[in-house]
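Chemist: The structure's right below; bear with me while I get my questions together.
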Amino acid sequence: MTEDTFKLNTSKLVEKNNFEENPEDTGECWFSDSDAEEKMISFLFDNLGQLTINENSTMCDVGTGNGHLLFQLREEGFKGKFLGIDYSENSVEFAQNIAETNDIDDIEFEVVDIYDDNWKPTRQFDVLLDKGTLDAIALSGLKFNGKTAVELYAESVQKLLPSGSVFLITSCNFTEVELTKIIEGDFFKVWKKIDYPSFEFGGVKGQTICSIAFERK
Ligand SMILES: C[S@@+](CC[C@H](N)C(=O)[O-])C[C@H]1O[C@@H](n2cnc3c(N)ncnc32)[C@H](O)[C@@H]1O
């Protein structure tokens, strides 16, 4: 395990301890500065009725961490079955504790390593979500059989989606162009993008974060 991955997992432990001491403290929410979570949720509302997005859509959050995105989606009115997956047992236990403490019994969390060869999802979803997970995977620098985990990412997560469904991903590590290059291919094509404020420097336009919705081919 690289130092970056180790740091992420350690911070989950700290979160869990904090939650045990204060149930109001549900830990960090990645990219909260840029309203990424709100923007992802608004995107789903704005696109109700399109592709597989509706208020009863089943959703899976890959690398769910503390499950915040799913809890928020439920709170905002999405009613379908939700599953949060994460390879960190601490994260899953933490998310399950939050669900239990708040009497939420209809969001499931499961320990899954999306690169585990033995992992075969038992169901598929209308919507797949990723907020910061591909970024963390990129930081880990992991390789499998000579291919980087980033190169293998789309092939791995496509198993969770049937044709015509939606994969909404947010990254602060890759530009829109880079993210498109990573995800588009045999399994996905770009469907829509979320707009974020951009800055301009020396005639070059930049953005600190991007979210792209892909359609599963
Ligand atoms: C940057 S955090 C984002 C957490 C959450 N999505 C959020 O927005 O707060 C990345 C998450 O991806 C998880 N993760 C990293 N590699 C994974 C893998 N191979 N399989 C499943 N989860 C993974 C980590 O445990 C961590 O919870």
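Residue numbers start at 1 in each chain; chains themselves are named A, B, ... in the order of the structure tokens; ligands are numbered from 1 in the order shown.
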Which residues in region 14-159 of chain A does DSSP call strand (DSSP E or B)? List them as an MDAnalysis selection string.

Modeler: chainID A and resid 59:62 82:86 107:111 127:131 143:144 147:148

Chemist: Can I get the residues close to ligand 1 as a ChimeraX atom specification, where close means within 7 Å and we count only C-alpha atoms and all ligand atoms?

Modeler: /A:8-9,28-30,62-69,85-88,91,112-115,130-133,135-137

Chemist: Please produce, as a Markdown table, a per-residue contact table for region 114-203 of chain A versus region 57-61 of chain A (criterion: any atom at most 12 Å away, only C-alpha atoms considered), showing the nearest atom pair and its distance in Å to one decimal, sorted by chain then residue number.

Modeler:
```
| residue | atom | partner | partner_atom | distance |
| --- | --- | --- | --- | --- |
| A:Ile114 | CA | A:Asp61 | CA | 11.9 |
| A:Pro121 | CA | A:Cys60 | CA | 11.1 |
| A:Arg123 | CA | A:Cys60 | CA | 10.2 |
| A:Gln124 | CA | A:Thr58 | CA | 8.4 |
| A:Phe125 | CA | A:Thr58 | CA | 5.2 |
| A:Asp126 | CA | A:Thr58 | CA | 5.2 |
| A:Val127 | CA | A:Met59 | CA | 4.7 |
| A:Leu128 | CA | A:Cys60 | CA | 4.9 |
| A:Leu129 | CA | A:Asp61 | CA | 4.6 |
| A:Asp130 | CA | A:Asp61 | CA | 5.9 |
| A:Lys131 | CA | A:Asp61 | CA | 8.1 |
| A:Gly132 | CA | A:Asp61 | CA | 10.8 |
| A:Thr133 | CA | A:Asp61 | CA | 9.5 |
| A:Leu134 | CA | A:Asp61 | CA | 12.0 |
| A:Val157 | CA | A:Cys60 | CA | 10.3 |
| A:Gln158 | CA | A:Cys60 | CA | 11.7 |
| A:Lys159 | CA | A:Cys60 | CA | 11.6 |
| A:Leu160 | CA | A:Cys60 | CA | 8.0 |
| A:Leu161 | CA | A:Cys60 | CA | 9.4 |
| A:Pro162 | CA | A:Thr58 | CA | 11.8 |
| A:Ser165 | CA | A:Ser57 | CA | 10.0 |
| A:Val166 | CA | A:Met59 | CA | 9.6 |
| A:Phe167 | CA | A:Cys60 | CA | 9.6 |
| A:Leu168 | CA | A:Asp61 | CA | 9.7 |
| A:Ile169 | CA | A:Asp61 | CA | 9.8 |
| A:Thr170 | CA | A:Asp61 | CA | 11.7 |
```

Chemist: Please, could you write that set of residues out with N, CA, C and O atoms as a short mmCIF file (atom, residue, chain, number, x, y, z; two decimals), in the first residue's frame?

Modeler:
```cif
data_model
loop_
_atom_site.label_atom_id
_atom_site.label_comp_id
_atom_site.auth_asym_id
_atom_site.auth_seq_id
_atom_site.Cartn_x
_atom_site.Cartn_y
_atom_site.Cartn_z
N ILE A 114 -12.80 -3.13 -5.97
CA ILE A 114 -13.21 -3.25 -7.38
C ILE A 114 -12.14 -3.91 -8.25
O ILE A 114 -12.40 -4.24 -9.40
N PRO A 121 -20.24 -8.60 -9.26
CA PRO A 121 -21.44 -7.98 -8.68
C PRO A 121 -22.67 -8.86 -8.90
O PRO A 121 -22.83 -9.44 -9.98
N ARG A 123 -25.72 -7.70 -8.64
CA ARG A 123 -26.79 -6.90 -9.26
C ARG A 123 -26.18 -5.70 -9.96
O ARG A 123 -25.02 -5.35 -9.72
N GLN A 124 -27.03 -5.08 -10.81
CA GLN A 124 -26.59 -3.87 -11.51
C GLN A 124 -27.49 -2.70 -11.11
O GLN A 124 -28.55 -2.91 -10.50
N PHE A 125 -27.07 -1.50 -11.45
CA PHE A 125 -27.73 -0.30 -10.94
C PHE A 125 -28.10 0.64 -12.09
O PHE A 125 -27.50 0.60 -13.17
N ASP A 126 -29.07 1.54 -11.81
CA ASP A 126 -29.45 2.54 -12.80
C ASP A 126 -28.41 3.65 -12.88
O ASP A 126 -28.20 4.23 -13.94
N VAL A 127 -27.81 3.94 -11.73
CA VAL A 127 -26.85 5.05 -11.66
C VAL A 127 -25.65 4.61 -10.83
O VAL A 127 -25.81 4.06 -9.74
N LEU A 128 -24.46 4.88 -11.36
CA LEU A 128 -23.22 4.64 -10.61
C LEU A 128 -22.59 5.99 -10.31
O LEU A 128 -22.56 6.88 -11.17
N LEU A 129 -22.11 6.14 -9.07
CA LEU A 129 -21.53 7.42 -8.65
C LEU A 129 -20.09 7.23 -8.20
O LEU A 129 -19.77 6.20 -7.58
N ASP A 130 -19.26 8.18 -8.52
CA ASP A 130 -17.88 8.20 -8.01
C ASP A 130 -17.53 9.63 -7.68
O ASP A 130 -17.53 10.50 -8.55
N LYS A 131 -17.23 9.87 -6.42
CA LYS A 131 -16.76 11.21 -6.02
C LYS A 131 -15.40 11.03 -5.35
O LYS A 131 -15.31 10.65 -4.19
N GLY A 132 -14.36 11.23 -6.12
CA GLY A 132 -13.01 11.19 -5.56
C GLY A 132 -12.34 9.83 -5.52
O GLY A 132 -11.19 9.71 -5.12
N THR A 133 -13.08 8.79 -5.93
CA THR A 133 -12.51 7.44 -5.82
C THR A 133 -11.44 7.18 -6.88
O THR A 133 -10.35 6.70 -6.58
N LEU A 134 -11.75 7.53 -8.12
CA LEU A 134 -10.72 7.36 -9.16
C LEU A 134 -9.49 8.21 -8.82
O LEU A 134 -8.35 7.78 -9.06
N VAL A 157 -15.57 -1.01 -13.27
CA VAL A 157 -16.86 -0.52 -12.75
C VAL A 157 -18.02 -0.75 -13.72
O VAL A 157 -19.18 -0.74 -13.30
N GLN A 158 -17.72 -0.99 -15.01
CA GLN A 158 -18.82 -1.21 -15.96
C GLN A 158 -19.68 -2.42 -15.59
O GLN A 158 -20.84 -2.50 -15.97
N LYS A 159 -19.09 -3.33 -14.80
CA LYS A 159 -19.84 -4.53 -14.41
C LYS A 159 -21.08 -4.18 -13.59
O LYS A 159 -22.01 -4.95 -13.49
N LEU A 160 -21.05 -3.00 -12.99
CA LEU A 160 -22.16 -2.60 -12.12
C LEU A 160 -23.33 -2.00 -12.90
O LEU A 160 -24.36 -1.66 -12.31
N LEU A 161 -23.16 -1.83 -14.21
CA LEU A 161 -24.15 -1.08 -14.99
C LEU A 161 -24.64 -1.83 -16.22
O LEU A 161 -23.83 -2.36 -16.99
N PRO A 162 -25.96 -1.80 -16.46
CA PRO A 162 -26.48 -2.33 -17.73
C PRO A 162 -26.40 -1.27 -18.81
O PRO A 162 -26.21 -0.08 -18.52
N SER A 165 -27.47 2.90 -18.92
CA SER A 165 -27.50 3.51 -17.59
C SER A 165 -26.44 4.62 -17.49
O SER A 165 -25.72 4.89 -18.44
N VAL A 166 -26.36 5.22 -16.30
CA VAL A 166 -25.58 6.46 -16.14
C VAL A 166 -24.45 6.28 -15.13
O VAL A 166 -24.66 5.71 -14.05
N PHE A 167 -23.30 6.79 -15.49
CA PHE A 167 -22.16 6.81 -14.57
C PHE A 167 -21.73 8.26 -14.39
O PHE A 167 -21.21 8.89 -15.32
N LEU A 168 -21.95 8.78 -13.18
CA LEU A 168 -21.63 10.18 -12.89
C LEU A 168 -20.39 10.22 -12.00
O LEU A 168 -20.40 9.71 -10.88
N ILE A 169 -19.33 10.82 -12.51
CA ILE A 169 -18.05 10.81 -11.79
C ILE A 169 -17.50 12.22 -11.63
O ILE A 169 -17.57 13.04 -12.55
N THR A 170 -16.95 12.48 -10.43
CA THR A 170 -16.35 13.78 -10.13
C THR A 170 -14.88 13.59 -9.77
O THR A 170 -14.54 12.71 -8.98
#
```

Chemist: Which is closest to Leu83 (chain A) among A:Glu100, A:Phe71, A:Phe109, A:Glu155, if we use only C-alpha atoms?

Modeler: A:Phe109

Chemist: Compile the contact shell of region 207-213 of chain A as a VMD selection string: residues with an atom at most 10 Å away, counting only C-alpha atoms, same-chain residues fewer than 5 positions apart removed.

Modeler: chain A and resid 31 34 36 39 to 40 43 to 44 127 to 131 166 to 177 179 to 180 183 188 to 200

Chemist: Using only C-alpha atoms, can you tell me which of A:Glu215, A:Phe144, A:Gly164, A:Phe201 comes closest to Gly185 (chain A)?

Modeler: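 The shortest atom-to-atom distance to Gly185 (chain A) comes from A:Glu215.
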
Chemist: I'd like the interatomic distance between CA of Lys81 (chain A) and CA of Asn56 (chain A), to a tenth of an Å.

Modeler: 7.6 Å
